[in-house]
Amino acid sequence: MSLFLILVVLAPEDQKYNTARAFLGFLLPLLAGGLASFIFLRDTALELQFTTSQSLWTMILERLGIVLAAMTLTSLVFQAVVQLLGISLTPLGGLLQRQLVWLIPCLVSSALGCAASLGTRNSSGGTAAVSMLWITQLLMRGWFARDPFARSFLLFYGVMDPLGDPLILNQAVLSIITVCLLGLIFLSLTKRERYI
């Protein structure tokens with residue numbers, strides 16, 4: 001965040017908004033997915049938690065909630081500092097819409113990172129899955145944004161076309177994908193012997 005704030009300050013006047021937008025819409029989802037890849041398998045107390053009466057859903061939501069809380073705090077502090085620097089983020093929409101353009105991609109990438117790390121039984125597998133998706137979509141974002149079907153799956157569509165009509169469909173599809181990935185995480189954790 002500090003690095004991007006420095007970049008925002010140093011950027012030419014006509015690029016300040018784009019630099020701030022890049023942090024919120026492009027970088028935060030990558031960070032969220034990378035962090036979520038490590039929330040289960042790097043926990044030395046995981047075996048102990050499996051022996052408690054805590055439900056799996058509670059465990060999943062608590063751990064992903066920590067990642068989400070970190071991303072929320074980072075985003076809100078970044079937005080506040082950017083506003084203090086006199087850079088308007090209103091092209092991203094109203095206050096709620098501004099939060100959704102980074103929040104929904106963060107949820108998808110967090111769930112993907114967690115599901116992939118559990119599926120591969122390796123935290124690096126989750127990080128690799130998130131990174132491959134991020135790089136592919138970043139490099140092909142123009143094609144994704146132009147194709148009526150593919151744009152529904154584009155993580156960055158919220159910051160690329162924040163006021164466009166297809167955004168609602170994009171956010172709905174990404175939300176459904178998040179729910180499906182949460183289901184995969186739950187199913188993976190029901191096979192506790194794989195992670196002990």
# chains A, B, ... in the order shown; residues from 1 in each chain; ligands from 1
>>> closest_atom_pairs(of="stretch 72-176 of chain A", to="stretch 23-41 of chain A", cutoff="6 Å", atoms="only C-alpha atoms", output="Markdown table")
| residue | atom | partner | partner_atom | distance |
| --- | --- | --- | --- | --- |
| A:Trp102 | CA | A:Gly25 | CA | 5.0 |
| A:Pro105 | CA | A:Pro29 | CA | 5.5 |
| A:Cys106 | CA | A:Pro29 | CA | 4.2 |
| A:Ser109 | CA | A:Gly33 | CA | 4.5 |
| A:Ser110 | CA | A:Gly33 | CA | 4.1 |
| A:Gly113 | CA | A:Ser37 | CA | 4.5 |
| A:Cys114 | CA | A:Ser37 | CA | 4.6 |
| A:Ser117 | CA | A:Ser37 | CA | 5.6 |
| A:Ser123 | CA | A:Ser37 | CA | 5.2 |
| A:Gly126 | CA | A:Ser37 | CA | 4.9 |
| A:Thr127 | CA | A:Gly34 | CA | 5.1 |
| A:Val130 | CA | A:Gly33 | CA | 5.9 |
| A:Phe156 | CA | A:Gly25 | CA | 5.9 |
| A:Val159 | CA | A:Gly25 | CA | 5.6 |
>>> write_last_selection(atoms="all heavy atoms", output="tab-separated table (two decimals), in the first residue's frame")
chain	number	residue	atom	x	y	z
A	102	TRP	N	-13.50	-3.85	-5.50
A	102	TRP	CA	-12.34	-4.58	-4.99
A	102	TRP	C	-12.77	-5.75	-4.11
A	102	TRP	O	-12.09	-6.77	-4.04
A	102	TRP	CB	-11.38	-3.66	-4.22
A	102	TRP	CG	-11.96	-3.07	-2.96
A	102	TRP	CD1	-12.53	-1.84	-2.83
A	102	TRP	CD2	-12.03	-3.68	-1.67
A	102	TRP	NE1	-12.96	-1.66	-1.54
A	102	TRP	CE2	-12.67	-2.77	-0.81
A	102	TRP	CE3	-11.61	-4.90	-1.16
A	102	TRP	CZ2	-12.91	-3.05	0.54
A	102	TRP	CZ3	-11.85	-5.19	0.18
A	102	TRP	CH2	-12.49	-4.27	1.01
A	105	PRO	N	-13.85	-9.22	-6.21
A	105	PRO	CA	-12.66	-9.94	-6.70
A	105	PRO	C	-11.80	-10.52	-5.57
A	105	PRO	O	-11.24	-11.60	-5.71
A	105	PRO	CB	-11.90	-8.87	-7.49
A	105	PRO	CG	-12.95	-7.91	-7.92
A	105	PRO	CD	-13.93	-7.86	-6.79
A	106	CYS	N	-11.72	-9.81	-4.44
A	106	CYS	CA	-10.95	-10.33	-3.30
A	106	CYS	C	-11.59	-11.60	-2.74
A	106	CYS	O	-10.90	-12.54	-2.36
A	106	CYS	CB	-10.83	-9.28	-2.20
A	106	CYS	SG	-9.60	-8.02	-2.54
A	109	SER	N	-10.82	-14.50	-5.28
A	109	SER	CA	-9.43	-14.95	-5.25
A	109	SER	C	-9.07	-15.58	-3.91
A	109	SER	O	-8.28	-16.53	-3.85
A	109	SER	CB	-8.47	-13.81	-5.62
A	109	SER	OG	-8.58	-12.75	-4.70
A	110	SER	N	-9.66	-15.10	-2.82
A	110	SER	CA	-9.42	-15.72	-1.50
A	110	SER	C	-9.95	-17.14	-1.48
A	110	SER	O	-9.28	-18.07	-1.03
A	110	SER	CB	-10.08	-14.91	-0.39
A	110	SER	OG	-9.52	-13.65	-0.27
A	113	GLY	N	-7.75	-19.32	-3.73
A	113	GLY	CA	-6.47	-19.64	-3.12
A	113	GLY	C	-6.60	-20.70	-2.04
A	113	GLY	O	-5.81	-21.64	-1.97
A	114	CYS	N	-7.63	-20.57	-1.23
A	114	CYS	CA	-7.87	-21.53	-0.15
A	114	CYS	C	-8.25	-22.90	-0.72
A	114	CYS	O	-7.70	-23.93	-0.31
A	114	CYS	CB	-8.97	-20.99	0.76
A	114	CYS	SG	-9.19	-21.92	2.25
A	117	SER	N	-5.24	-24.57	-2.46
A	117	SER	CA	-4.22	-25.06	-1.52
A	117	SER	C	-4.70	-26.33	-0.84
A	117	SER	O	-3.92	-27.27	-0.64
A	117	SER	CB	-3.85	-23.98	-0.49
A	117	SER	OG	-4.93	-23.70	0.35
A	123	SER	N	0.21	-25.11	0.22
A	123	SER	CA	-0.11	-23.68	0.15
A	123	SER	C	0.39	-23.05	-1.14
A	123	SER	O	-0.24	-22.14	-1.69
A	123	SER	CB	0.51	-22.95	1.35
A	123	SER	OG	-0.06	-23.42	2.54
A	126	GLY	N	-2.11	-23.19	-3.97
A	126	GLY	CA	-3.12	-22.14	-3.94
A	126	GLY	C	-2.60	-20.84	-4.49
A	126	GLY	O	-3.27	-20.16	-5.27
A	127	THR	N	-1.38	-20.49	-4.09
A	127	THR	CA	-0.76	-19.26	-4.59
A	127	THR	C	-0.57	-19.34	-6.10
A	127	THR	O	-0.81	-18.36	-6.81
A	127	THR	CB	0.58	-19.02	-3.89
A	127	THR	OG1	0.38	-19.01	-2.48
A	127	THR	CG2	1.20	-17.70	-4.30
A	130	VAL	N	-3.99	-18.85	-7.93
A	130	VAL	CA	-4.40	-17.45	-7.92
A	130	VAL	C	-3.52	-16.64	-8.88
A	130	VAL	O	-4.02	-15.82	-9.66
A	130	VAL	CB	-4.33	-16.86	-6.49
A	130	VAL	CG1	-4.52	-15.35	-6.50
A	130	VAL	CG2	-5.38	-17.51	-5.61
A	156	PHE	N	-11.33	-8.08	-12.92
A	156	PHE	CA	-11.03	-6.65	-12.95
A	156	PHE	C	-12.11	-5.82	-13.63
A	156	PHE	O	-11.94	-4.62	-13.82
A	156	PHE	CB	-9.71	-6.40	-13.69
A	156	PHE	CG	-8.63	-7.38	-13.34
A	156	PHE	CD1	-8.01	-8.12	-14.31
A	156	PHE	CD2	-8.24	-7.56	-12.02
A	156	PHE	CE1	-7.01	-9.02	-14.00
A	156	PHE	CE2	-7.25	-8.47	-11.69
A	156	PHE	CZ	-6.63	-9.19	-12.67
A	159	VAL	N	-13.30	-2.36	-12.07
A	159	VAL	CA	-12.50	-1.15	-12.18
A	159	VAL	C	-12.30	-0.73	-13.63
A	159	VAL	O	-11.94	0.41	-13.90
A	159	VAL	CB	-11.12	-1.26	-11.50
A	159	VAL	CG1	-11.27	-1.36	-10.00
A	159	VAL	CG2	-10.31	-2.39	-12.04
>>> select_by_dssp(residues="stretch 3-194 of chain A", states="helix (DSSP H, G or I)", output="NGL selection string")
:A and (3-10 or 13-36 or 46-50 or 56-84 or 90-92 or 95-120 or 123-139 or 141-146 or 150-153 or 157-160 or 166-190 or 192-194)
>>> write_last_selection(atoms="C-alpha atoms", output="compact mmCIF listing (two decimals), in the first residue's frame")
# COMPACT_ATOMS: atom_id res chain seq x y z
CA LEU A 3 4.52 1.71 -2.42
CA PHE A 4 1.35 2.47 -4.37
CA LEU A 5 0.74 5.63 -2.37
CA ILE A 6 4.24 6.77 -3.33
CA LEU A 7 3.48 5.87 -6.96
CA VAL A 8 0.23 7.85 -6.79
CA VAL A 9 2.09 10.91 -5.50
CA LEU A 10 4.82 10.60 -8.14
CA GLU A 13 -1.57 14.31 -12.81
CA ASP A 14 -3.53 12.47 -15.51
CA GLN A 15 -2.34 9.07 -14.21
CA LYS A 16 -2.98 9.47 -10.48
CA TYR A 17 -6.51 8.05 -10.65
CA ASN A 18 -5.40 5.09 -12.80
CA THR A 19 -2.62 4.27 -10.35
CA ALA A 20 -5.02 4.35 -7.39
CA ARG A 21 -7.56 2.30 -9.33
CA ALA A 22 -4.90 -0.30 -10.17
CA PHE A 23 -4.15 -0.87 -6.49
CA LEU A 24 -7.80 -1.34 -5.55
CA GLY A 25 -8.99 -3.40 -8.48
CA PHE A 26 -5.91 -5.24 -9.67
CA LEU A 27 -3.48 -5.70 -6.78
CA LEU A 28 -5.78 -6.27 -3.78
CA PRO A 29 -7.34 -9.46 -5.26
CA LEU A 30 -3.88 -10.91 -5.85
CA LEU A 31 -2.85 -10.14 -2.28
CA ALA A 32 -6.07 -11.60 -0.87
CA GLY A 33 -5.69 -14.83 -2.83
CA GLY A 34 -2.05 -15.19 -1.83
CA LEU A 35 -2.83 -14.69 1.85
CA ALA A 36 -5.79 -17.08 1.78
CA LEU A 46 -5.02 -27.26 12.55
CA GLU A 47 -5.09 -30.82 13.91
CA LEU A 48 -6.10 -29.48 17.32
CA GLN A 49 -8.89 -27.41 15.77
CA PHE A 50 -10.25 -30.47 14.01
CA LEU A 56 -16.30 -26.36 9.68
CA TRP A 57 -18.27 -23.38 8.37
CA THR A 58 -17.31 -21.34 11.41
CA MET A 59 -13.66 -22.28 10.94
CA ILE A 60 -13.76 -21.39 7.23
CA LEU A 61 -15.51 -18.06 7.75
CA GLU A 62 -13.24 -17.08 10.65
CA ARG A 63 -10.08 -17.74 8.68
CA LEU A 64 -11.26 -16.11 5.47
CA GLY A 65 -12.65 -13.29 7.60
CA ILE A 66 -9.13 -12.49 8.80
CA VAL A 67 -7.96 -12.11 5.19
CA LEU A 68 -11.03 -10.04 4.35
CA ALA A 69 -10.50 -7.82 7.40
CA ALA A 70 -6.89 -7.18 6.36
CA MET A 71 -7.93 -6.31 2.80
CA THR A 72 -10.76 -4.08 4.05
CA LEU A 73 -8.48 -2.15 6.37
CA THR A 74 -5.86 -1.78 3.65
CA SER A 75 -8.42 -0.61 1.11
CA LEU A 76 -10.12 1.89 3.40
CA VAL A 77 -6.84 3.42 4.56
CA PHE A 78 -5.64 3.63 0.96
CA GLN A 79 -8.88 5.28 -0.19
CA ALA A 80 -8.77 7.77 2.69
CA VAL A 81 -5.17 8.78 1.93
CA VAL A 82 -5.93 9.07 -1.79
CA GLN A 83 -8.87 11.36 -0.98
CA LEU A 84 -6.62 13.46 1.27
CA THR A 90 -15.86 8.92 -7.97
CA PRO A 91 -15.35 7.45 -11.48
CA LEU A 92 -15.58 4.07 -9.71
CA LEU A 95 -19.30 4.66 -1.95
CA LEU A 96 -20.89 1.19 -2.04
CA GLN A 97 -19.96 0.54 -5.66
CA ARG A 98 -16.39 1.64 -4.94
CA GLN A 99 -16.13 -1.04 -2.28
CA LEU A 100 -17.67 -3.76 -4.45
CA VAL A 101 -15.13 -3.29 -7.26
CA TRP A 102 -12.34 -4.58 -4.99
CA LEU A 103 -14.33 -6.66 -2.48
CA ILE A 104 -15.94 -9.15 -4.86
CA PRO A 105 -12.66 -9.94 -6.70
CA CYS A 106 -10.95 -10.33 -3.30
CA LEU A 107 -13.62 -12.81 -2.21
CA VAL A 108 -13.22 -14.86 -5.38
CA SER A 109 -9.43 -14.95 -5.25
CA SER A 110 -9.42 -15.72 -1.50
CA ALA A 111 -11.79 -18.63 -1.97
CA LEU A 112 -9.78 -19.85 -4.98
CA GLY A 113 -6.47 -19.64 -3.12
CA CYS A 114 -7.87 -21.53 -0.15
CA ALA A 115 -9.64 -24.19 -2.26
CA ALA A 116 -6.60 -24.76 -4.49
CA SER A 117 -4.22 -25.06 -1.52
CA LEU A 118 -6.51 -27.63 0.11
CA GLY A 119 -6.98 -29.44 -3.21
CA THR A 120 -3.25 -29.72 -3.81
CA SER A 123 -0.11 -23.68 0.15
CA SER A 124 2.06 -22.98 -2.89
CA GLY A 125 -0.56 -24.70 -5.06
CA GLY A 126 -3.12 -22.14 -3.94
CA THR A 127 -0.76 -19.26 -4.59
CA ALA A 128 0.06 -20.68 -8.03
CA ALA A 129 -3.64 -21.03 -8.95
CA VAL A 130 -4.40 -17.45 -7.92
CA SER A 131 -1.30 -16.12 -9.70
CA MET A 132 -2.06 -17.99 -12.93
CA LEU A 133 -5.64 -16.71 -12.98
CA TRP A 134 -4.48 -13.17 -12.18
CA ILE A 135 -1.75 -13.08 -14.84
CA THR A 136 -3.98 -14.65 -17.50
CA GLN A 137 -6.81 -12.21 -16.86
CA LEU A 138 -4.46 -9.25 -16.59
CA LEU A 139 -2.79 -10.00 -19.93
CA ARG A 141 -8.27 -8.21 -19.91
CA GLY A 142 -9.11 -6.44 -23.18
CA TRP A 143 -10.48 -9.62 -24.75
CA PHE A 144 -12.34 -10.57 -21.55
CA ALA A 145 -13.92 -7.10 -21.34
CA ARG A 146 -15.05 -7.14 -24.99
CA ALA A 150 -16.08 -13.87 -20.85
CA ARG A 151 -16.54 -10.48 -19.17
CA SER A 152 -18.77 -12.16 -16.59
CA PHE A 153 -15.68 -13.98 -15.28
CA TYR A 157 -14.22 -5.69 -14.77
CA GLY A 158 -15.41 -3.57 -11.85
CA VAL A 159 -12.50 -1.15 -12.18
CA MET A 160 -12.41 -1.29 -15.97
CA PRO A 166 -22.80 -5.70 -17.58
CA LEU A 167 -21.16 -5.05 -14.18
CA ILE A 168 -24.17 -6.39 -12.28
CA LEU A 169 -23.96 -9.70 -14.17
CA ASN A 170 -20.19 -9.81 -13.63
CA GLN A 171 -20.55 -9.30 -9.88
CA ALA A 172 -23.37 -11.86 -9.67
CA VAL A 173 -21.32 -14.50 -11.52
CA LEU A 174 -18.23 -13.84 -9.39
CA SER A 175 -20.36 -14.10 -6.24
CA ILE A 176 -21.77 -17.45 -7.38
CA ILE A 177 -18.24 -18.69 -8.10
CA THR A 178 -17.23 -17.64 -4.58
CA VAL A 179 -20.10 -19.63 -3.06
CA CYS A 180 -19.16 -22.70 -5.15
CA LEU A 181 -15.52 -22.42 -4.05
CA LEU A 182 -16.61 -22.14 -0.41
CA GLY A 183 -18.52 -25.38 -0.93
CA LEU A 184 -15.34 -27.01 -2.28
CA ILE A 185 -13.40 -25.78 0.75
CA PHE A 186 -16.02 -27.29 3.04
CA LEU A 187 -15.95 -30.64 1.21
CA SER A 188 -12.14 -30.68 1.31
CA LEU A 189 -12.10 -30.09 5.05
CA THR A 190 -14.54 -32.93 5.69
CA ARG A 192 -9.59 -34.20 7.71
CA GLU A 193 -7.14 -37.08 7.48
CA ARG A 194 -5.62 -35.52 4.35
>>> atom_distance(atom1="atom CA of A:Gly94", atom2="atom CA of A:Met1")
22.1 Å
>>> atom_distance(atom1="atom CA of A:Ile87", atom2="atom CA of A:Ser2")
16.0 Å
>>> atom_distance(atom1="atom CA of A:Met140", atom2="atom CA of A:Gly93")
24.2 Å
